[in-house]
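Data file: start_4.txt. Format and content: compact mmCIF, C-alpha atoms.
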```
# COMPACT_ATOMS: atom_id res chain seq x y z
CA MET A 1 91.85 149.74 128.27
CA GLY A 2 90.79 146.46 126.66
CA LYS A 3 87.16 145.37 126.60
CA ARG A 4 86.12 142.89 129.30
CA VAL A 5 85.28 139.54 127.78
CA ASN A 6 82.28 137.73 129.20
CA VAL A 7 83.69 134.18 129.20
CA THR A 8 80.59 132.55 130.73
CA GLY A 9 78.35 134.21 128.16
CA ILE A 10 80.51 132.98 125.29
CA ALA A 11 80.69 129.46 126.76
CA VAL A 12 76.88 129.30 127.10
CA LEU A 13 76.46 130.61 123.53
CA VAL A 14 78.93 128.06 122.14
CA PHE A 15 77.25 125.25 124.11
CA PHE A 16 73.77 126.06 122.77
CA LEU A 17 75.12 126.57 119.24
CA LEU A 18 76.77 123.13 119.34
CA LEU A 19 73.65 121.56 120.84
CA GLY A 20 71.46 123.15 118.15
CA VAL A 21 73.74 121.94 115.36
CA LEU A 22 73.91 118.39 116.75
CA ILE A 23 70.09 118.22 117.05
CA SER A 24 69.71 119.62 113.54
CA ILE A 25 72.23 117.09 112.14
CA ARG A 26 70.36 114.28 113.89
CA LEU A 27 66.97 115.40 112.50
CA THR A 28 68.16 115.91 108.94
CA GLY A 29 70.32 112.78 108.54
CA LEU A 30 70.52 110.32 105.64
CA GLY A 31 67.13 109.28 104.33
CA SER A 32 65.16 111.88 106.29
CA ASN A 33 62.50 113.61 104.26
CA PHE A 34 62.51 117.17 105.60
CA PRO A 35 61.34 120.06 103.40
CA ASN A 36 64.28 121.90 101.84
CA PRO A 37 62.94 124.52 99.39
CA VAL A 38 66.24 126.46 99.19
CA GLY A 39 68.16 123.28 98.38
CA GLY A 40 65.51 122.44 95.76
CA VAL A 41 65.95 125.80 94.04
CA LEU A 42 69.75 125.45 94.17
CA GLN A 43 69.59 121.98 92.63
CA ARG A 44 67.15 123.14 89.97
CA VAL A 45 69.41 126.05 88.99
CA LEU A 46 72.69 124.13 89.12
CA SER A 47 71.71 120.76 87.62
CA PRO A 48 71.53 122.08 84.00
CA LEU A 49 75.15 123.27 84.47
CA GLU A 50 76.40 120.12 86.14
CA LYS A 51 75.27 117.66 83.50
CA PRO A 52 77.19 119.15 80.52
CA ILE A 53 80.37 119.50 82.61
CA LEU A 54 80.21 115.85 83.66
CA GLN A 55 79.38 114.73 80.12
CA LEU A 56 82.27 116.77 78.72
CA GLY A 57 84.63 115.24 81.28
CA ASN A 58 83.38 111.73 80.51
CA GLY A 59 83.82 112.41 76.78
CA ILE A 60 87.38 113.67 77.19
CA ARG A 61 88.27 110.73 79.43
CA ASP A 62 86.77 108.12 77.11
CA ASN A 63 88.32 109.63 73.99
CA THR A 64 91.81 110.07 75.37
CA LYS A 65 91.88 106.76 77.23
CA VAL A 66 92.94 104.86 74.13
CA LEU A 67 95.98 107.13 73.68
CA TRP A 68 97.33 106.27 77.10
CA ASP A 69 96.88 102.51 76.98
CA PHE A 70 96.97 101.73 73.28
CA ARG A 71 99.17 98.65 73.70
CA GLU A 72 96.95 97.30 76.44
CA VAL A 73 93.83 97.86 74.32
CA GLN A 74 95.42 96.00 71.42
CA THR A 75 96.34 92.92 73.46
CA GLU A 76 92.96 93.04 75.17
CA ASN A 77 91.29 93.18 71.78
CA GLU A 78 93.12 90.07 70.59
CA ALA A 79 92.29 88.20 73.78
CA LEU A 80 88.65 89.25 73.51
CA ARG A 81 88.38 88.08 69.90
CA LYS A 82 89.61 84.64 70.94
CA GLN A 83 87.18 84.65 73.85
CA VAL A 84 84.29 85.66 71.58
CA ASP A 85 85.03 82.70 69.29
CA GLN A 86 85.18 80.33 72.22
CA LEU A 87 82.03 81.74 73.80
CA THR A 88 80.10 81.62 70.55
CA GLY A 89 80.90 77.89 70.41
CA ASP A 90 79.94 77.40 74.05
CA ASN A 91 76.76 79.39 73.52
CA LEU A 92 75.69 77.20 70.63
CA LYS A 93 76.28 74.08 72.73
CA LEU A 94 74.30 75.56 75.62
CA LYS A 95 71.43 76.56 73.37
CA GLU A 96 71.25 73.01 72.12
CA GLN A 97 71.19 71.73 75.68
CA VAL A 98 68.50 74.23 76.70
CA LEU A 99 66.36 73.23 73.75
CA ALA A 100 66.91 69.61 74.65
CA GLY A 101 65.94 70.45 78.23
CA ILE A 102 62.72 72.11 77.13
CA ARG A 103 61.85 69.24 74.89
CA TYR A 104 62.68 66.31 77.10
CA THR A 105 61.99 67.35 80.69
CA GLU A 106 59.02 68.85 82.42
CA LEU A 107 60.80 71.77 83.99
CA ASP A 108 58.86 74.89 84.91
CA GLN A 109 58.92 77.30 81.99
CA GLY A 110 59.36 80.10 84.54
CA GLN A 111 63.11 79.59 84.73
CA PHE A 112 63.52 80.89 81.19
CA ARG A 113 61.68 84.10 81.96
CA SER A 114 63.69 87.30 81.80
CA PRO A 115 65.50 88.35 84.98
CA SER A 116 63.56 90.07 87.73
CA LEU A 117 64.99 93.49 86.81
CA ASP A 118 62.49 93.75 83.98
CA THR A 119 59.47 93.31 86.22
CA PHE A 120 59.72 96.56 88.23
CA ALA A 121 58.16 99.93 87.43
CA LYS A 122 61.19 102.09 86.78
CA ILE A 123 62.11 105.73 86.19
CA GLY A 124 65.16 106.20 83.97
CA ALA A 125 67.69 108.82 85.10
CA SER A 126 71.12 110.15 84.16
CA VAL A 127 73.99 110.79 86.54
CA ILE A 128 74.57 114.55 86.68
CA ASN A 129 76.98 114.84 89.59
CA ARG A 130 79.10 112.65 91.81
CA ASN A 131 79.73 112.92 95.53
CA PRO A 132 80.46 116.61 96.12
CA THR A 133 82.20 115.83 99.42
CA THR A 134 84.63 112.97 99.83
CA TRP A 135 82.95 111.60 102.95
CA TYR A 136 80.10 109.74 101.29
CA ARG A 137 79.91 107.71 98.10
CA THR A 138 76.91 109.27 96.40
CA LEU A 139 75.62 110.20 92.95
CA THR A 140 73.13 112.86 91.90
CA LEU A 141 70.45 111.84 89.37
CA ASN A 142 68.38 114.19 87.22
CA ARG A 143 65.02 113.00 88.57
CA GLY A 144 63.31 114.38 91.65
CA SER A 145 60.07 114.53 93.56
CA GLN A 146 58.31 116.00 90.50
CA ASP A 147 58.96 112.67 88.76
CA GLY A 148 57.63 110.73 91.75
CA VAL A 149 60.97 109.90 93.37
CA ALA A 150 61.00 109.59 97.17
CA ALA A 151 63.66 108.95 99.80
CA ASN A 152 64.57 105.26 100.24
CA ASP A 153 63.57 104.31 96.67
CA PRO A 154 66.00 101.64 95.40
CA VAL A 155 68.22 102.45 92.40
CA ILE A 156 69.47 99.83 89.93
CA GLY A 157 71.77 99.87 86.91
CA ALA A 158 71.52 97.75 83.78
CA LEU A 159 73.31 94.89 85.56
CA GLY A 160 72.39 95.15 89.21
CA LEU A 161 71.88 97.10 92.39
CA VAL A 162 73.34 100.62 92.64
CA GLY A 163 71.98 102.00 95.93
CA LYS A 164 69.08 103.93 97.39
CA ILE A 165 67.81 107.50 97.30
CA VAL A 166 68.77 109.47 100.40
CA SER A 167 67.61 112.98 99.54
CA VAL A 168 65.24 114.41 96.98
CA SER A 169 64.75 117.88 95.53
CA PRO A 170 61.98 118.66 93.00
CA THR A 171 64.29 118.01 90.03
CA THR A 172 67.19 115.94 91.38
CA SER A 173 67.83 113.13 93.82
CA GLU A 174 70.90 111.82 95.59
CA VAL A 175 71.79 108.13 95.64
CA LEU A 176 73.83 106.53 98.39
CA LEU A 177 75.83 103.76 96.68
CA ILE A 178 75.97 100.28 98.18
CA LEU A 179 79.77 100.76 98.24
CA ASP A 180 79.30 103.25 101.08
CA GLY A 181 79.56 101.68 104.52
CA GLU A 182 76.33 103.44 105.50
CA GLY A 183 74.27 101.72 102.82
CA GLN A 184 73.95 98.13 103.96
CA VAL A 185 71.87 95.61 102.04
CA SER A 186 70.19 92.45 103.27
CA ALA A 187 71.33 89.79 100.79
CA LEU A 188 71.15 86.17 99.81
CA VAL A 189 74.09 84.23 98.37
CA ARG A 190 73.04 81.52 95.95
CA ASP A 191 75.42 78.69 95.16
CA SER A 192 75.44 76.70 91.94
CA THR A 193 72.62 74.47 93.14
CA GLY A 194 70.41 77.43 93.99
CA ASN A 195 70.59 77.10 97.80
CA GLY A 196 70.61 80.43 99.61
CA THR A 197 72.53 81.76 102.61
CA PHE A 198 71.41 85.06 104.14
CA GLY A 199 73.75 87.87 105.15
CA ILE A 200 74.38 91.60 105.08
CA VAL A 201 76.37 93.21 102.27
CA GLN A 202 78.32 96.28 103.26
CA GLY A 203 80.88 98.58 101.69
CA THR A 204 84.28 97.55 103.03
CA TYR A 205 86.64 99.74 104.89
CA LYS A 206 88.48 97.07 106.78
CA ARG A 207 90.40 95.40 104.03
CA GLY A 208 91.78 98.05 101.73
CA SER A 209 91.08 101.67 102.13
CA ARG A 210 87.54 102.96 101.63
CA LEU A 211 89.14 105.55 99.40
CA THR A 212 90.00 103.17 96.56
CA PRO A 213 87.95 104.32 93.60
CA GLU A 214 86.60 100.94 92.55
CA GLY A 215 85.36 100.06 96.03
CA ASN A 216 84.64 96.66 97.45
CA LEU A 217 81.76 94.90 99.11
CA GLN A 218 81.95 92.32 101.84
CA MET A 219 79.73 89.90 103.76
CA LEU A 220 80.32 88.09 107.03
CA PHE A 221 79.38 84.41 107.47
CA ARG A 222 79.74 81.66 110.01
CA ARG A 223 82.52 79.26 109.16
CA ALA A 224 80.06 76.44 108.56
CA ASP A 225 78.00 78.39 105.98
CA ASN A 226 78.22 76.98 102.50
CA VAL A 227 79.51 79.97 100.52
CA ASN A 228 82.11 79.67 97.77
CA ALA A 229 83.97 81.92 95.36
CA GLY A 230 81.90 82.37 92.20
CA ASP A 231 78.52 82.32 93.98
CA LEU A 232 76.08 85.06 93.03
CA VAL A 233 74.75 87.56 95.55
CA PHE A 234 71.16 88.87 95.30
CA THR A 235 69.06 91.15 97.46
CA SER A 236 66.93 89.15 99.88
CA GLY A 237 63.97 91.55 99.94
CA MET A 238 64.09 91.78 103.74
CA GLY A 239 64.54 95.14 105.44
CA GLY A 240 61.86 96.94 103.47
CA VAL A 241 64.06 99.05 101.17
CA TYR A 242 65.24 96.80 98.34
CA PRO A 243 63.05 94.35 96.43
CA SER A 244 64.17 90.73 96.34
CA ASP A 245 66.31 89.01 93.68
CA VAL A 246 68.16 92.05 92.34
CA PRO A 247 71.72 90.95 91.51
CA ILE A 248 74.44 92.66 93.58
CA GLY A 249 77.67 90.91 92.67
CA LYS A 250 79.76 87.78 92.62
CA VAL A 251 81.79 86.33 95.49
CA LYS A 252 85.42 86.94 94.53
CA GLU A 253 87.30 85.57 97.48
CA ILE A 254 86.72 84.12 100.94
CA GLN A 255 88.93 84.69 103.94
CA LEU A 256 88.76 82.98 107.32
CA ASP A 257 88.88 85.26 110.35
CA PRO A 258 91.77 84.64 112.75
CA SER A 259 89.22 83.55 115.37
CA GLY A 260 88.23 80.66 113.10
CA LEU A 261 84.52 81.21 113.83
CA LEU A 262 83.69 83.57 110.99
CA LYS A 263 84.63 84.08 107.40
CA THR A 264 84.46 87.15 105.20
CA ALA A 265 83.33 86.97 101.58
CA TYR A 266 84.65 89.75 99.34
CA ILE A 267 82.20 90.60 96.61
CA ASP A 268 82.86 92.01 93.18
CA PRO A 269 79.92 94.32 92.31
CA LEU A 270 78.30 93.75 88.92
CA VAL A 271 77.88 97.48 88.34
CA ASP A 272 80.93 99.53 87.36
CA PHE A 273 80.19 102.47 89.67
CA ASP A 274 82.94 104.69 88.33
CA ALA A 275 81.63 104.56 84.76
CA LEU A 276 77.92 104.62 85.62
CA GLU A 277 76.09 107.20 83.53
CA GLU A 278 72.47 105.97 83.61
CA ALA A 279 70.42 104.31 86.33
CA TYR A 280 66.82 103.33 87.08
CA ILE A 281 64.89 104.39 90.15
CA ILE A 282 62.43 101.67 91.19
CA LYS A 283 58.93 102.70 92.19
CA LYS A 284 57.68 100.45 94.96
CA MET B 1 79.38 143.51 91.39
CA ARG B 2 81.33 142.26 94.37
CA TYR B 3 78.38 140.24 95.69
CA VAL B 4 77.51 138.83 92.25
CA LEU B 5 81.10 137.64 91.86
CA VAL B 6 81.14 136.08 95.33
CA ALA B 7 77.81 134.33 94.59
CA VAL B 8 79.17 132.95 91.31
CA MET B 9 82.29 131.70 93.10
CA PHE B 10 80.13 130.05 95.78
CA LEU B 11 78.04 128.26 93.16
CA LEU B 12 81.14 127.15 91.24
CA SER B 13 82.63 125.81 94.47
CA LEU B 14 79.50 123.69 94.89
CA ILE B 15 79.45 122.38 91.31
CA LEU B 16 83.12 121.78 90.53
CA PRO B 17 84.10 119.19 93.19
CA GLY B 18 81.43 116.75 91.97
CA THR B 19 82.06 117.30 88.26
CA VAL B 20 85.51 118.53 87.17
CA PHE B 21 87.37 117.28 90.24
CA HIS B 22 85.70 113.87 89.89
CA PHE B 23 88.18 113.37 87.04
CA TRP B 24 91.09 114.95 88.93
CA ALA B 25 90.61 113.08 92.21
CA TRP B 26 93.65 111.46 93.85
CA SER B 27 92.42 108.04 94.94
CA GLY B 28 89.01 109.48 95.73
CA ILE B 29 90.24 112.67 97.40
CA LYS B 30 88.92 115.99 96.08
CA PRO B 31 89.58 119.52 97.25
CA ASP B 32 87.02 121.28 99.43
CA LEU B 33 86.63 124.40 97.29
CA LEU B 34 84.00 126.08 99.45
CA MET B 35 86.30 125.77 102.44
CA LEU B 36 89.14 127.27 100.40
CA LEU B 37 86.92 130.17 99.31
CA THR B 38 85.76 130.73 102.89
CA ILE B 39 89.40 130.89 104.02
CA TYR B 40 90.16 133.47 101.30
CA ILE B 41 87.15 135.58 102.24
CA ALA B 42 87.97 135.37 105.95
CA MET B 43 91.55 136.48 105.21
CA HIS B 44 90.20 139.74 103.81
CA HIS B 45 87.56 140.52 106.46
CA ARG B 46 87.45 141.25 110.16
CA LEU B 47 86.57 138.44 112.58
CA PRO B 48 82.79 139.03 113.04
CA SER B 49 82.04 139.43 109.33
CA SER B 50 84.33 136.44 108.53
CA VAL B 51 82.28 134.25 110.86
CA LEU B 52 79.05 135.47 109.21
CA TRP B 53 80.44 134.69 105.73
CA GLY B 54 81.51 131.24 106.99
CA LEU B 55 78.07 130.55 108.47
CA GLY B 56 76.36 131.66 105.24
CA ALA B 57 78.64 129.60 103.00
CA GLY B 58 78.24 126.56 105.25
CA LEU B 59 74.46 126.87 105.34
CA LEU B 60 74.42 127.13 101.55
CA GLU B 61 76.42 123.90 101.25
CA ASP B 62 74.21 122.16 103.83
CA LEU B 63 71.08 123.12 101.91
CA TYR B 64 72.68 122.13 98.59
CA LEU B 65 73.62 118.70 99.97
CA GLY B 66 70.19 118.47 101.61
CA ARG B 67 71.24 116.56 104.73
CA TYR B 68 72.93 117.07 108.09
CA ILE B 69 71.87 120.72 108.13
CA GLY B 70 74.26 122.69 110.34
CA MET B 71 77.32 120.50 109.83
CA TYR B 72 79.07 122.68 107.26
CA ALA B 73 77.60 125.89 108.71
CA LEU B 74 79.38 125.19 111.99
CA THR B 75 82.54 123.89 110.28
CA LEU B 76 82.96 126.85 107.94
CA ALA B 77 82.21 129.29 110.78
CA VAL B 78 85.06 127.68 112.74
CA VAL B 79 87.28 127.74 109.63
CA ALA B 80 86.49 131.42 108.98
CA CYS B 81 87.11 132.31 112.61
CA LEU B 82 90.48 130.50 112.63
CA SER B 83 91.57 131.95 109.28
CA SER B 84 90.69 135.49 110.33
CA TRP B 85 92.49 135.05 113.65
CA LEU B 86 95.61 133.66 111.95
CA THR B 87 95.66 136.38 109.28
CA GLU B 88 95.83 139.05 111.96
CA ARG B 89 99.04 137.42 113.16
CA TRP B 90 100.59 136.21 109.90
CA TYR B 91 101.49 138.20 106.80
CA ARG B 92 98.78 137.57 104.20
CA ASP B 93 100.87 138.85 101.25
CA ASN B 94 103.33 135.98 101.70
CA PHE B 95 101.92 133.28 99.40
CA LEU B 96 104.05 130.53 100.94
CA LEU B 97 102.73 131.32 104.39
CA THR B 98 99.19 131.44 102.98
CA THR B 99 99.66 127.98 101.46
CA PHE B 100 100.76 126.65 104.83
CA MET B 101 97.84 128.40 106.52
CA VAL B 102 95.33 126.91 104.09
CA PHE B 103 96.80 123.47 104.78
CA ILE B 104 96.48 123.87 108.55
CA VAL B 105 93.01 125.47 108.49
CA THR B 106 91.60 122.94 105.98
CA MET B 107 92.95 120.17 108.16
CA VAL B 108 91.18 121.61 111.21
CA GLY B 109 87.98 122.07 109.14
CA GLN B 110 88.03 118.48 107.88
CA VAL B 111 88.66 117.20 111.42
CA VAL B 112 85.53 119.12 112.53
CA VAL B 113 83.54 117.55 109.64
CA ALA B 114 84.89 114.11 110.59
CA PHE B 115 84.04 114.68 114.25
CA LEU B 116 80.48 115.80 113.45
CA SER B 117 80.03 112.97 110.92
CA LEU B 118 81.19 110.41 113.49
CA GLY B 119 78.62 111.92 115.86
CA ALA B 120 76.00 111.45 113.13
CA GLY B 121 76.91 107.76 112.81
CA LEU B 122 79.56 107.67 110.06
CA ASN B 123 81.39 104.35 110.11
CA TRP B 124 85.04 105.05 109.23
CA SER B 125 88.38 103.76 110.46
CA LEU B 126 90.73 106.31 112.03
CA GLY B 127 93.43 105.58 109.43
CA ASP B 128 91.12 106.47 106.57
CA ILE B 129 89.90 109.61 108.32
CA GLY B 130 93.53 110.69 108.77
CA GLN B 131 94.33 109.97 105.13
CA LEU B 132 91.29 111.90 103.95
CA VAL B 133 91.89 114.89 106.23
CA ILE B 134 95.53 115.21 105.17
CA GLY B 135 94.67 114.50 101.52
CA VAL B 136 92.00 117.21 101.27
CA ALA B 137 94.23 119.67 103.15
CA LEU B 138 97.13 118.94 100.76
CA TYR B 139 94.88 119.29 97.69
CA ASN B 140 93.53 122.62 98.93
CA ALA B 141 97.09 123.80 99.66
CA VAL B 142 98.19 122.82 96.14
CA LEU B 143 95.42 124.99 94.70
CA VAL B 144 96.60 128.09 96.62
CA PRO B 145 99.47 129.14 94.27
CA VAL B 146 97.04 128.87 91.33
CA THR B 147 94.08 130.70 92.84
CA TYR B 148 95.25 132.94 95.69
CA PRO B 149 97.28 135.58 93.76
CA LEU B 150 94.24 136.35 91.57
CA ILE B 151 91.74 136.49 94.39
CA HIS B 152 94.08 138.44 96.68
CA ARG B 153 94.66 141.06 93.97
CA SER B 154 90.93 141.27 93.33
CA PHE B 155 90.22 141.78 97.06
CA LEU B 156 92.80 144.60 97.23
CA HIS B 157 92.29 146.42 93.92
CA GLY B 158 89.67 144.61 91.83
CA TRP B 159 86.01 143.75 91.84
CA LEU B 160 86.09 141.97 95.19
CA ARG B 161 87.33 145.08 97.05
CA TYR B 162 84.99 146.25 99.77
CA ARG B 163 83.83 149.80 99.12
CA PRO B 164 82.23 151.72 102.00
CA ARG B 165 78.87 153.32 101.23
CA TYR B 166 80.26 156.88 100.87
CA GLU B 167 82.63 155.70 98.14
CA ARG B 168 79.97 154.08 95.96
```
Step by step, read the file and then write its structure as structure tokens.
Amino acid sequence: MGKRVNVTGIAVLVFFLLLGVLISIRLTGLGSNFPNPVGGVLQRVLSPLEKPILQLGNGIRDNTKVLWDFREVQTENEALRKQVDQLTGDNLKLKEQVLAGIRYTELDQGQFRSPSLDTFAKIGASVINRNPTTWYRTLTLNRGSQDGVAANDPVIGALGLVGKIVSVSPTTSEVLLILDGEGQVSALVRDSTGNGTFGIVQGTYKRGSRLTPEGNLQMLFRRADNVNAGDLVFTSGMGGVYPSDVPIGKVKEIQLDPSGLLKTAYIDPLVDFDALEEAYIIKK
Amino acid sequence: MRYVLVAVMFLLSLILPGTVFHFWAWSGIKPDLLMLLTIYIAMHHRLPSSVLWGLGAGLLEDLYLGRYIGMYALTLAVVACLSSWLTERWYRDNFLLTTFMVFIVTMVGQVVVAFLSLGAGLNWSLGDIGQLVIGVALYNAVLVPVTYPLIHRSFLHGWLRYRPRYER
């Protein structure tokens, strides 16, 4: 004779299990700072293994790349040489004009100061792992709470904004990239005259697929807003996470919505996220 | 020995997707190795112990990722339960059938992850979720002919074989 199955009991158990998991997921979401000693130990043990594997992979990729696209590299090299010559000439002209500007006008010297990236207190870190699951675009850095890193600290690369810290263990921390739809940034688009238009930068998933490796950023504007291709996008400093004036990217293309009321600006990030190996964590 | 080997495989399943498979990703899609390992373990255990293995593996991944604790614990418990249930009905020595099973079970597992992630506020289009679910399931299925024969043999005759206490 088969065992009698207590269906109500199982249903109640499953219900409370699901409820418990949903509450736990809610409490330990992105950016929450709950204590996770087991995770810390795991990260501490595994991070020395992860870094060499990633470095080895990067090395193999970089060294064999030239074999696959030799022809392309050659033509690119020729084009770049020409461009270098042209830019050297342009640069000389510009330097002359800048010197003339300094000499003959009374402009504020401040505009020749180095970009704002140099003014923050930073912790340097290397990328030791990339998103272990495909659902989020994240990186793992080799700095953790022992180095003073905390959740929601902004992360920048040599050229611009990378993302923010979402979880920290004593020796590692995880960065949510701005390419991820979850990591939205309050931003300011500056046109060539320096006028700003505010908006929100978000990782796109509407245009192409979110799965494309290079990723894209987008911003929504009213039709009347004065935003053009080529304008630079900076963080606005609002929202409390990112400091102001960190470069994010350049407006690549603008598309009008079918409704005619809005337009979408597609933004080319300045940071090459796929090749990123080092980043800085900003201490606020 | 058996438990040391399982622990090493668990740790490798956590490390490899973010490192080695970062270079072998198909348009951003990587295999879910821990899910694959959980399926293999569940195929060689009875239902209750499969579910316990799934819960343990999932909790380990949740703690390693450090967020949404419970998401993978629940998912891998469901995956283990389903795999164990299917193995009782299907012939586990048939590698082709196992490949198909891994595809189906991974797909179910990824749908559970997607469902829980959407509940946690993930902002994805349905098309992309579908592409990702099928992509990960396909990738896991492709890995079966490479990995399953070894692990299956080890579970039957090798280090991974369960030995009752009186035999040790």
Correct to one decimal, the distance CA of Thr106 in chain B-CA of Ala137 in chain B is 5.1 Å
For chain B against chain A, which residues fall within 6 Å using only C-alpha atoms, given as a PyMOL selection string? chain B and resi 17-19+27-28+63-64+67-70
If we count all atoms listed in the file and set the cut-off at 10 Å, which residues sit around Tyr162 in chain B, ignoring sequence neighbours fewer than 6 positions away in its own chain? Please answer as a tab-separated table (two decimals) with C-alpha atoms, in the coordinates of the input.
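Saved the output as part_18.tsv:
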```tsv
chain	number	residue	atom	x	y	z
B	2	ARG	CA	81.33	142.26	94.37
B	3	TYR	CA	78.38	140.24	95.69
B	44	HIS	CA	90.20	139.74	103.81
B	45	HIS	CA	87.56	140.52	106.46
B	155	PHE	CA	90.22	141.78	97.06
B	156	LEU	CA	92.80	144.60	97.23
```
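CA of Glu253 in chain A lies 5.4 Å from CA of Ala229 in chain A.
CA of Leu14 in chain B lies 25.5 Å from CA of Trp85 in chain B.
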Mind listing as a ChimeraX atom specification all residues within 12 Å of (83.5, 88.5, 101.7), counting all atoms listed in the file? /A:189,199-204,206-207,216-223,227-233,249-257,262-269
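When only C-alpha atoms are used to compute distances to Gly130 in chain B, the closest of the residues B:Leu150, B:Val111, B:Leu12, B:Val105 turns out to be B:Val111.
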